[in-house]
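*Asks:* As input, take run04.csv (CSV, C-alpha atoms):
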```
chain,number,residue,atom,x,y,z
A,83,MET,CA,32.6,13.2,-23.0
A,84,GLY,CA,32.8,11.4,-26.3
A,85,GLU,CA,32.7,13.1,-29.8
A,86,VAL,CA,33.6,16.7,-30.4
A,87,ASP,CA,30.9,18.7,-28.8
A,88,PRO,CA,30.9,22.3,-30.1
A,89,ALA,CA,30.2,23.6,-26.6
A,90,PHE,CA,33.9,22.8,-25.6
A,91,VAL,CA,35.5,24.2,-28.7
A,92,GLN,CA,37.6,27.4,-28.2
A,93,GLU,CA,37.6,30.2,-30.7
A,94,GLN,CA,40.7,29.9,-33.0
A,95,GLU,CA,42.7,32.7,-31.3
A,96,HIS,CA,42.2,31.1,-27.8
A,97,ARG,CA,43.1,27.5,-28.7
A,98,PRO,CA,46.1,26.0,-27.0
A,99,LYS,CA,49.4,26.1,-28.9
A,100,LEU,CA,50.9,22.8,-29.9
A,101,SER,CA,54.4,24.0,-29.2
A,102,ILE,CA,54.6,24.5,-25.4
A,103,ILE,CA,56.9,27.1,-23.8
A,104,GLU,CA,58.0,26.0,-20.4
A,105,ALA,CA,58.1,28.8,-17.9
A,106,LYS,CA,61.6,29.8,-16.9
A,107,GLY,CA,61.9,32.0,-14.0
A,108,ILE,CA,58.5,31.6,-12.2
A,109,PRO,CA,59.8,32.4,-8.7
A,110,GLU,CA,60.1,29.5,-6.2
A,111,ILE,CA,60.1,31.0,-2.8
A,112,ASP,CA,61.2,29.2,0.4
A,113,LEU,CA,58.9,30.1,3.3
A,114,SER,CA,61.0,28.5,6.0
A,115,PRO,CA,62.1,31.9,7.5
A,116,ILE,CA,58.6,32.4,8.8
A,117,PHE,CA,57.8,28.7,9.6
A,118,ASN,CA,60.8,27.0,11.0
A,119,HIS,CA,62.0,29.4,13.7
A,120,ASP,CA,60.7,30.2,17.2
A,121,VAL,CA,62.1,33.7,16.7
A,122,PRO,CA,62.2,34.6,13.0
A,123,ASP,CA,65.5,36.0,11.7
A,124,GLN,CA,64.6,39.5,10.8
A,125,SER,CA,67.0,39.9,7.9
A,126,ALA,CA,65.7,36.6,6.4
A,127,VAL,CA,62.1,37.7,6.7
A,128,GLU,CA,63.0,41.1,5.1
A,129,ALA,CA,64.6,39.2,2.2
A,130,LEU,CA,61.5,37.0,1.9
A,131,VAL,CA,59.2,40.1,1.8
A,132,LYS,CA,61.4,41.5,-1.0
A,133,GLU,CA,61.2,38.2,-3.0
A,134,ILE,CA,57.4,38.1,-2.6
A,135,GLY,CA,57.1,41.7,-3.7
A,136,SER,CA,59.1,41.2,-6.9
A,137,ALA,CA,57.3,38.0,-7.7
A,138,CYS,CA,53.9,39.7,-7.4
A,139,LYS,CA,55.1,42.6,-9.5
A,140,GLU,CA,56.9,40.7,-12.3
A,141,TRP,CA,54.8,37.6,-12.5
A,142,GLY,CA,51.6,37.7,-10.4
A,143,PHE,CA,52.4,34.0,-9.8
A,144,PHE,CA,55.0,32.2,-7.7
A,145,GLN,CA,55.6,28.8,-6.1
A,146,VAL,CA,56.2,28.3,-2.3
A,147,THR,CA,58.1,25.5,-0.6
A,148,ASN,CA,58.5,24.8,3.2
A,149,HIS,CA,55.0,26.2,3.6
A,150,GLY,CA,54.0,24.4,6.8
A,151,VAL,CA,51.2,22.3,5.3
A,152,PRO,CA,51.7,18.6,6.3
A,153,LEU,CA,52.4,16.5,3.2
A,154,SER,CA,50.5,13.5,4.7
A,155,LEU,CA,47.4,15.6,4.9
A,156,ARG,CA,47.7,16.8,1.3
A,157,GLN,CA,48.2,13.2,0.2
A,158,ARG,CA,45.1,12.0,2.1
A,159,LEU,CA,43.1,14.8,0.5
A,160,GLU,CA,44.3,14.0,-3.1
A,161,GLU,CA,43.5,10.3,-2.6
A,162,ALA,CA,40.0,11.2,-1.4
A,163,SER,CA,39.5,13.4,-4.4
A,164,ARG,CA,40.4,10.6,-6.8
A,165,LEU,CA,38.0,8.2,-5.1
A,166,PHE,CA,35.2,10.8,-5.2
A,167,PHE,CA,35.6,11.4,-9.0
A,168,ALA,CA,36.0,7.7,-9.7
A,169,GLN,CA,32.3,7.2,-8.7
A,170,SER,CA,29.5,6.9,-11.2
A,171,LEU,CA,27.9,10.1,-12.5
A,172,GLU,CA,24.7,9.1,-10.7
A,173,ASP,CA,26.5,8.9,-7.4
A,174,LYS,CA,28.4,12.2,-7.9
A,175,LYS,CA,25.1,13.9,-8.7
A,176,LYS,CA,23.8,13.0,-5.2
A,177,VAL,CA,25.8,16.0,-4.1
A,178,ALA,CA,25.2,18.2,-7.2
A,179,ARG,CA,25.3,22.0,-7.2
A,180,ASP,CA,22.1,23.9,-8.1
A,181,GLU,CA,21.3,27.5,-8.8
A,182,ILE,CA,20.5,28.3,-5.2
A,183,ASN,CA,23.5,26.7,-3.6
A,184,PRO,CA,26.7,26.8,-5.7
A,185,THR,CA,28.6,24.1,-3.7
A,186,GLY,CA,29.0,20.4,-4.5
A,187,TYR,CA,29.5,18.6,-7.8
A,188,TYR,CA,29.0,19.8,-11.4
A,189,ASP,CA,30.5,19.3,-14.8
A,190,THR,CA,29.1,22.1,-16.9
A,191,GLU,CA,31.1,25.1,-15.9
A,192,HIS,CA,31.7,27.8,-18.5
A,193,THR,CA,34.6,30.2,-18.7
A,194,LYS,CA,34.2,33.1,-21.1
A,195,ASN,CA,31.0,31.3,-22.3
A,196,VAL,CA,32.9,28.2,-23.5
A,197,ARG,CA,32.4,24.9,-21.6
A,198,ASP,CA,35.4,23.7,-19.6
A,199,TRP,CA,36.7,20.1,-20.1
A,200,LYS,CA,36.5,19.2,-16.4
A,201,GLU,CA,34.3,18.2,-13.5
A,202,VAL,CA,34.5,19.8,-10.1
A,203,PHE,CA,33.5,19.5,-6.5
A,204,ASP,CA,33.3,22.8,-4.5
A,205,PHE,CA,33.3,23.1,-0.7
A,206,LEU,CA,33.0,26.3,1.4
A,207,SER,CA,35.6,27.3,4.0
A,208,GLN,CA,32.8,28.6,6.4
A,209,ASP,CA,29.6,26.7,6.8
A,210,PRO,CA,27.3,28.5,6.5
A,211,THR,CA,28.7,31.3,4.3
A,212,PHE,CA,26.7,34.5,4.1
A,213,VAL,CA,26.2,36.2,0.7
A,214,PRO,CA,23.8,38.7,-0.9
A,215,LEU,CA,20.5,37.2,-2.3
A,216,ASN,CA,21.3,38.7,-5.7
A,217,SER,CA,23.6,41.2,-7.5
A,218,ASP,CA,21.1,44.1,-7.3
A,219,GLU,CA,22.9,47.0,-5.6
A,220,ASP,CA,19.6,48.2,-3.9
A,221,ASP,CA,18.6,44.8,-2.5
A,222,HIS,CA,20.2,44.2,0.9
A,223,GLN,CA,18.8,40.7,1.6
A,224,VAL,CA,21.4,38.1,2.7
A,225,ILE,CA,21.1,34.4,2.3
A,226,GLN,CA,23.4,31.5,3.4
A,227,TRP,CA,25.2,28.9,1.3
A,228,SER,CA,26.0,25.6,3.0
A,229,ASN,CA,28.1,22.5,2.2
A,230,PRO,CA,27.0,19.1,1.0
A,231,SER,CA,28.1,16.0,2.9
A,232,PRO,CA,29.4,13.5,0.3
A,233,PRO,CA,28.7,10.0,1.6
A,234,TYR,CA,31.8,8.7,-0.3
A,235,PRO,CA,34.7,8.4,0.3
A,236,PRO,CA,34.1,8.1,4.1
A,237,GLN,CA,35.7,10.9,6.0
A,238,PHE,CA,35.9,13.1,2.9
A,239,ARG,CA,34.3,16.1,4.7
A,240,ALA,CA,36.5,15.7,7.8
A,241,ILE,CA,39.7,15.6,5.7
A,242,ILE,CA,38.6,18.7,3.7
A,243,GLU,CA,37.8,20.6,6.9
A,244,GLU,CA,41.2,19.7,8.4
A,245,TYR,CA,43.0,20.8,5.1
A,246,LEU,CA,41.0,24.1,5.0
A,247,GLU,CA,42.4,25.1,8.4
A,248,GLU,CA,45.9,24.7,6.9
A,249,MET,CA,45.0,26.7,3.8
A,250,GLU,CA,43.6,29.5,5.9
A,251,LYS,CA,46.8,29.6,8.0
A,252,LEU,CA,49.0,29.7,4.9
A,253,ALA,CA,46.8,32.3,3.2
A,254,TYR,CA,47.0,34.7,6.2
A,255,LYS,CA,50.8,34.3,6.3
A,256,LEU,CA,51.0,35.1,2.6
A,257,LEU,CA,48.7,38.1,3.0
A,258,GLU,CA,51.0,39.4,5.7
A,259,LEU,CA,54.1,39.1,3.4
A,260,ILE,CA,52.2,40.8,0.6
A,261,ALA,CA,51.1,43.6,2.9
A,262,LEU,CA,54.7,44.2,4.1
A,263,SER,CA,55.9,44.1,0.5
A,264,LEU,CA,53.5,47.0,-0.3
A,265,GLY,CA,54.8,49.0,2.8
A,266,LEU,CA,51.7,48.3,4.8
A,267,GLU,CA,51.2,47.0,8.3
A,268,ALA,CA,51.5,43.1,8.3
A,269,LYS,CA,47.9,42.5,9.4
A,270,ARG,CA,46.4,45.2,7.2
A,271,PHE,CA,44.2,42.8,5.2
A,272,GLU,CA,43.1,40.6,8.1
A,273,LYS,CA,39.9,42.4,9.0
A,274,PHE,CA,38.4,41.8,5.6
A,275,PHE,CA,38.4,38.0,6.1
A,276,LYS,CA,36.6,37.7,9.5
A,277,LEU,CA,33.4,36.3,7.8
A,278,GLN,CA,35.2,35.1,4.6
A,279,THR,CA,33.5,33.6,1.5
A,280,SER,CA,36.5,31.4,0.6
A,281,PHE,CA,36.1,27.9,-0.9
A,282,ILE,CA,38.1,24.9,-2.0
A,283,ARG,CA,37.6,23.3,-5.4
A,284,PHE,CA,38.5,19.8,-6.5
A,285,ASN,CA,39.2,19.6,-10.3
A,286,HIS,CA,39.2,16.5,-12.4
A,287,TYR,CA,40.3,16.9,-16.0
A,288,PRO,CA,39.6,13.6,-17.9
A,289,PRO,CA,41.8,12.7,-20.9
A,290,CYS,CA,40.6,14.8,-23.9
A,291,PRO,CA,40.5,13.4,-27.4
A,292,TYR,CA,40.9,16.9,-28.9
A,293,PRO,CA,43.4,18.8,-26.7
A,294,HIS,CA,44.1,21.2,-29.6
A,295,LEU,CA,40.5,22.5,-29.5
A,296,ALA,CA,39.4,22.5,-25.9
A,297,LEU,CA,40.7,23.7,-22.6
A,298,GLY,CA,40.3,22.4,-19.1
A,299,VAL,CA,39.7,25.9,-18.0
A,300,GLY,CA,39.6,28.8,-20.5
A,301,ARG,CA,41.7,31.9,-20.0
A,302,HIS,CA,40.6,33.9,-17.0
A,303,LYS,CA,41.8,35.9,-14.0
A,304,ASP,CA,40.9,35.0,-10.4
A,305,ALA,CA,38.4,37.3,-8.9
A,306,GLY,CA,39.4,36.9,-5.2
A,307,ALA,CA,42.4,37.9,-3.1
A,308,LEU,CA,44.7,34.9,-3.4
A,309,THR,CA,44.6,31.4,-4.9
A,310,ILE,CA,46.7,28.6,-3.4
A,311,LEU,CA,46.9,25.7,-5.9
A,312,ALA,CA,48.0,22.1,-5.3
A,313,GLN,CA,48.5,20.4,-8.7
A,314,ASP,CA,49.5,16.8,-9.5
A,315,GLU,CA,52.5,15.7,-11.5
A,316,VAL,CA,50.7,15.8,-14.9
A,317,GLY,CA,50.7,19.6,-15.1
A,318,GLY,CA,48.7,21.8,-17.5
A,319,LEU,CA,48.5,25.2,-15.9
A,320,GLU,CA,49.6,28.0,-18.3
A,321,VAL,CA,50.3,31.6,-17.3
A,322,LYS,CA,50.4,34.6,-19.6
A,323,ARG,CA,53.9,35.9,-19.1
A,324,LYS,CA,53.7,39.7,-18.5
A,325,SER,CA,57.0,40.4,-20.3
A,326,ASP,CA,55.9,39.2,-23.7
A,327,GLN,CA,52.2,38.0,-23.3
A,328,GLU,CA,53.2,34.4,-24.3
A,329,TRP,CA,51.4,31.5,-22.7
A,330,VAL,CA,54.0,29.5,-20.6
A,331,LEU,CA,53.5,26.2,-18.8
A,332,VAL,CA,54.1,26.0,-15.1
A,333,LYS,CA,56.0,22.8,-14.4
A,334,PRO,CA,54.8,21.0,-11.3
A,335,THR,CA,57.2,21.1,-8.4
A,336,PRO,CA,56.6,18.2,-5.9
A,337,ASP,CA,54.9,19.3,-2.7
A,338,ALA,CA,55.0,23.0,-3.6
A,339,TYR,CA,52.0,25.3,-3.9
A,340,ILE,CA,51.4,27.7,-6.7
A,341,ILE,CA,50.2,31.1,-5.5
A,342,ASN,CA,48.6,33.8,-7.6
A,343,VAL,CA,47.4,37.2,-6.7
A,344,GLY,CA,43.8,37.8,-7.6
A,345,ASP,CA,41.8,40.8,-8.8
A,346,ILE,CA,41.1,42.1,-5.2
A,347,ILE,CA,44.8,42.5,-4.5
A,348,GLN,CA,45.2,44.3,-7.8
A,349,VAL,CA,42.5,46.8,-6.7
A,350,TRP,CA,43.8,47.1,-3.1
A,351,SER,CA,47.3,47.8,-4.4
A,352,ASN,CA,46.0,50.3,-7.0
A,353,ASP,CA,47.6,48.2,-9.8
A,354,ALA,CA,51.0,47.9,-8.1
A,355,TYR,CA,50.4,44.2,-8.4
A,356,GLU,CA,48.5,42.6,-11.2
A,357,SER,CA,46.2,39.6,-11.4
A,358,VAL,CA,47.5,37.5,-14.3
A,359,GLU,CA,45.5,35.6,-16.9
A,360,HIS,CA,45.9,31.9,-16.8
A,361,ARG,CA,44.3,28.7,-18.3
A,362,VAL,CA,44.5,24.9,-18.1
A,363,MET,CA,45.6,22.7,-21.0
A,364,VAL,CA,44.1,19.2,-21.3
A,365,ASN,CA,46.0,16.0,-22.0
A,366,SER,CA,44.9,13.3,-24.6
A,367,GLN,CA,46.6,10.5,-22.6
A,368,ARG,CA,46.3,11.3,-18.9
A,369,GLU,CA,43.7,12.6,-16.5
A,370,ARG,CA,44.8,15.4,-14.2
A,371,PHE,CA,43.7,16.5,-10.7
A,372,SER,CA,44.2,19.8,-9.0
A,373,ILE,CA,42.9,21.4,-5.8
A,374,PRO,CA,42.8,25.3,-5.7
A,375,PHE,CA,41.8,27.2,-2.5
A,376,PHE,CA,40.3,30.6,-3.3
A,377,PHE,CA,40.7,33.1,-0.5
A,378,PHE,CA,37.8,35.5,-0.6
A,379,PRO,CA,36.8,38.3,1.9
A,380,ALA,CA,33.5,38.8,3.7
A,381,HIS,CA,30.5,39.5,1.5
A,382,ASP,CA,30.1,43.1,2.8
A,383,THR,CA,33.7,44.1,2.0
A,384,GLU,CA,33.9,47.3,-0.1
A,385,VAL,CA,36.8,46.6,-2.5
A,386,LYS,CA,38.8,49.8,-3.4
A,387,PRO,CA,42.4,50.9,-3.5
A,388,LEU,CA,43.8,51.3,0.1
A,389,GLU,CA,44.2,54.9,1.2
A,390,GLU,CA,47.9,54.3,2.2
A,391,LEU,CA,48.7,53.5,-1.4
A,392,ILE,CA,47.0,56.5,-3.1
A,393,ASN,CA,48.0,60.1,-3.3
A,394,ASP,CA,48.0,63.1,-5.7
A,395,GLU,CA,50.7,61.5,-7.9
A,396,ASN,CA,49.0,58.1,-7.7
A,397,PRO,CA,45.3,58.7,-7.5
A,398,SER,CA,42.7,55.9,-7.1
A,399,LYS,CA,42.3,53.9,-10.3
A,400,TYR,CA,39.1,52.1,-9.3
A,401,ARG,CA,35.6,52.9,-8.1
A,402,PRO,CA,34.6,50.9,-5.0
A,403,TYR,CA,32.6,47.8,-5.5
A,404,ASN,CA,30.8,45.4,-3.1
A,405,TRP,CA,32.5,42.0,-3.0
A,406,GLY,CA,29.4,39.9,-2.3
A,407,LYS,CA,27.4,41.4,-5.2
A,408,PHE,CA,30.4,40.8,-7.5
A,409,LEU,CA,30.7,37.2,-6.3
A,410,VAL,CA,27.0,36.4,-6.7
A,411,ASN,CA,27.1,37.9,-10.2
A,412,ARG,CA,30.1,35.8,-11.2
A,413,LYS,CA,28.7,32.6,-9.7
A,414,SER,CA,25.5,32.9,-11.7
A,415,SER,CA,27.5,33.3,-15.0
A,416,ASN,CA,29.6,30.2,-14.3
A,417,PHE,CA,26.5,28.1,-13.9
A,418,GLN,CA,24.9,29.0,-17.2
A,419,LYS,CA,25.9,30.5,-20.4
A,420,LYS,CA,25.3,34.3,-20.5
A,421,LYS,CA,24.9,36.6,-23.5
A,422,ALA,CA,27.2,39.3,-22.1
A,423,GLU,CA,30.7,38.9,-20.5
A,424,ASN,CA,30.5,38.5,-16.8
A,425,VAL,CA,31.5,41.3,-14.4
A,426,GLN,CA,35.2,42.2,-14.3
A,427,ILE,CA,37.3,44.6,-12.2
A,428,TYR,CA,38.0,46.8,-15.3
A,429,HIS,CA,34.3,47.7,-15.3
A,430,TYR,CA,35.1,49.7,-12.1
A,431,LYS,CA,38.2,51.3,-13.6
A,432,ILE,CA,38.3,55.1,-13.4
A,433,ALA,CA,38.9,56.4,-16.9
```
For the structure just supplied, provide its representation as structure tokens.
*Replies:*
Amino acid sequence: MGEVDPAFVQEQEHRPKLSIIEAKGIPEIDLSPIFNHDVPDQSAVEALVKEIGSACKEWGFFQVTNHGVPLSLRQRLEEASRLFFAQSLEDKKKVARDEINPTGYYDTEHTKNVRDWKEVFDFLSQDPTFVPLNSDEDDHQVIQWSNPSPPYPPQFRAIIEEYLEEMEKLAYKLLELIALSLGLEAKRFEKFFKLQTSFIRFNHYPPCPYPHLALGVGRHKDAGALTILAQDEVGGLEVKRKSDQEWVLVKPTPDAYIINVGDIIQVWSNDAYESVEHRVMVNSQRERFSIPFFFFPAHDTEVKPLEELINDENPSKYRPYNWGKFLVNRKSSNFQKKKAENVQIYHYKIA
């Protein structure tokens, strides 16, 4: 990634600021009340639900500690990720993504039609994962996506699969807390994820000679239900603070996970909780690694505000949409530059 390639250059208004504001107040939430007790202390759980609710409402982002994911497993995964990206481009391309199967390695992702300064490796939570053939509403054909088996590092696939089990456990726990914070039954969201379309992504952001022009990932909101992010000590994630619309840096907390609510929870909650815009800065000196897990429902999920959360005073703000069609549409736009903006939840907003 040598000289300035115009494909990476952000429009003036979206370029990173040189003066960085460090986020004060992004909630750090201790999950031990639900993990470290045989019989949870009900008042501690209620306090936790309240904390989660206010974090979702005020920030859309929060960090969790004492989350039950073994640190040794995360360390093994991070080490395997570094070994994978340290290979030659030729070796990484042995497990390259293509337009039919969007898993594996690639280095040409676009966000808002500007190329991201990164390379990635994607791996599905369920293999195979069933999705619509295309985004045509009248075409009901379904295909399956499957995972590559990277030959190097050895055991990479097995470590990923073990880690994915932990991510799913944590995601379900977080969904329960979010459901309770909205006044819903704890398991209200569970049925949508029986045949989930979730995936894990390994990001590598090489040092960038022009960090004032490019971004590791351009501004975007996450389309799914929840994202659980492991980031290294280098940092670079910026969140658009709701109170003043400023970009603020999320400082890495050792062993914590950063959680953000995605567009689906925004729609399910009928805008009670909002999916927040975020982006990734690049660093001129140091490479950065991060591992997000994207928790996505089954492809046949009809996404719409939940009936318990709408009434005459608070009518539904969204028309229903099919998650699989939405996902397939988004995946195709990430793979190649498109003339129009890709599909967003505000396209389903009721005026």
*Asks:* Which of these, A:Ala240, A:Leu277, A:Ile108, A:Ala338, has the shortest distance to Pro152 in chain A once you count all atoms listed in the file?
*Replies:*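 Ranking A:Ala240, A:Leu277, A:Ile108, A:Ala338 by distance to Pro152 in chain A, first place goes to A:Ala338.
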*Asks:* Find, counting only C-alpha atoms, the residue in A:Tyr254, A:Phe238, A:Phe117, A:Tyr287 that gets nearest to Asn365 in chain A.
*Replies:*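 Selected residue with least distance to Asn365 in chain A: A:Tyr287.
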*Asks:* Which one is closest to Glu369 in chain A: A:Val316, A:Ile134, A:Val146, A:Ala168? Count only C-alpha atoms.
*Replies:*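 Smallest distance to Glu369 in chain A is found for A:Val316.
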*Asks:* In Å, with one decimal, what is the gap from CA of Trp405 in chain A to CA of Gly306 in chain A?
*Replies:*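 According to the coordinates, CA of Trp405 in chain A and CA of Gly306 in chain A are separated by 8.9 Å.
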*Asks:* For CA of Pro232 in chain A and CA of Arg179 in chain A, quote the distance in Å rounded to one decimal.
*Replies:* 12.1 Å
*Asks:* Please, what distance in Å, to one decimal, runs between CA of Tyr187 in chain A and CA of Ser207 in chain A?
*Replies:*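 Interatomic distance, CA of Tyr187 in chain A to CA of Ser207 in chain A: 15.9 Å.
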*Asks:* Got a sec: who's within 10 Å of Ile116 in chain A, counting only C-alpha atoms, leaving out chain neighbours fewer than 2 positions off, as a list in words?
*Replies:*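 My list of contacting residues is Asp112, Leu113, Ser114, Asn118, His119, Asp120, Val121, Pro122, Asp123, Gln124, Ala126, Val127, Leu130, Asn148, His149, Gly150, Lys255 and Leu259 of chain A.
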*Asks:* Extract, using only C-alpha atoms, all DNA, RNA and protein residues at most 10 Å from Ala307 in chain A, discarding same-chain residues fewer than 3 positions from it, and format them as a ChimeraX atom specification.
*Replies:* /A:253,257,271,280,304,342-350,357,376-379
*Asks:* What's around Leu155 in chain A at 12 Å? Count only C-alpha atoms, leave out sequence neighbours fewer than 2 positions away in its own chain, and write the answer as a list in words.
*Replies:*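 The residues that qualify are Gly150, Val151, Pro152, Leu153, Gln157, Arg158, Leu159, Glu160, Glu161, Ala162, Phe238, Ala240, Ile241, Ile242, Glu243, Glu244, Tyr245, Leu246, Glu247, Glu248, Met249 and Asp337 of chain A.
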*Asks:* Using only C-alpha atoms for the distances, tell me which of A:Thr193, A:Phe274, A:Tyr234, A:Ser154 is nearest to Gln169 in chain A.
*Replies:*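 With only C-alpha atoms as the atom set, the closest residue is A:Tyr234.
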*Asks:* Counting all atoms listed in the file, which of A:Pro233, A:Tyr403, A:Glu104, A:Asp209 gets nearest to Leu165 in chain A?
*Replies:* A:Pro233
*Asks:* Nearest to Gly298 in chain A among A:Ile282, A:Leu331, A:Met363, A:Ile341, with distances taken over only C-alpha atoms: which residue is it?
*Replies:*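 Checking each candidate against Gly298 in chain A, we get A:Met363 as the closest.
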*Asks:* If we count only C-alpha atoms and set the cut-off at 10 Å, which residues sit around Val332 in chain A, ignoring sequence neighbours fewer than 4 positions away in its own chain? Please answer as a VMD selection string.
*Replies:* chain A and resid 103 to 108 143 to 145 317 to 321 340
*Asks:* Find the residues with any atom within 7 Å of (49.2, 21.1, -8.0); use all atoms listed in the file and the coordinates as given in the file, and write the answer as a VMD selection string.
*Replies:* chain A and resid 311 to 314 334 339 372 to 373
*Asks:* Determine, counting all atoms listed in the file, which protein, DNA and RNA residues have an atom within 8 Å of an atom of Pro184 in chain A; residues of the same chain fewer than 3 positions away are not included. Present the result as a list in words.
*Replies:*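 Here the qualifying residues turn out to be Arg179, Asp180, Glu181, Asp204, Trp227 and Lys413 of chain A.
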*Asks:* For range 105-215 of chain A versus range 85-95 of chain A, which residues have an atom no more than 7 Å away, and what is each residue's nearest atom pair and distance in Å rounded to one decimal, using only C-alpha atoms, chain-then-number order, as a tab-separated table?
*Replies:*
```
residue	atom	partner	partner_atom	distance
A:Val196	CA	A:Phe90	CA	5.9
A:Arg197	CA	A:Phe90	CA	4.8
A:Asp198	CA	A:Phe90	CA	6.2
A:Trp199	CA	A:Phe90	CA	6.7
```
*Asks:* I'd like the box whose edges run along x, y and z of the file and which contains every listed atom of range 163-166 of chain A, padded by 8 Å per side; could you state its centre and edge lengths in Å, one decimal, as lines of an AutoDock Vina configuration file?
*Replies:*
```
center_x = 37.8
center_y = 10.8
center_z = -5.6
size_x = 21.2
size_y = 21.2
size_z = 18.4
```
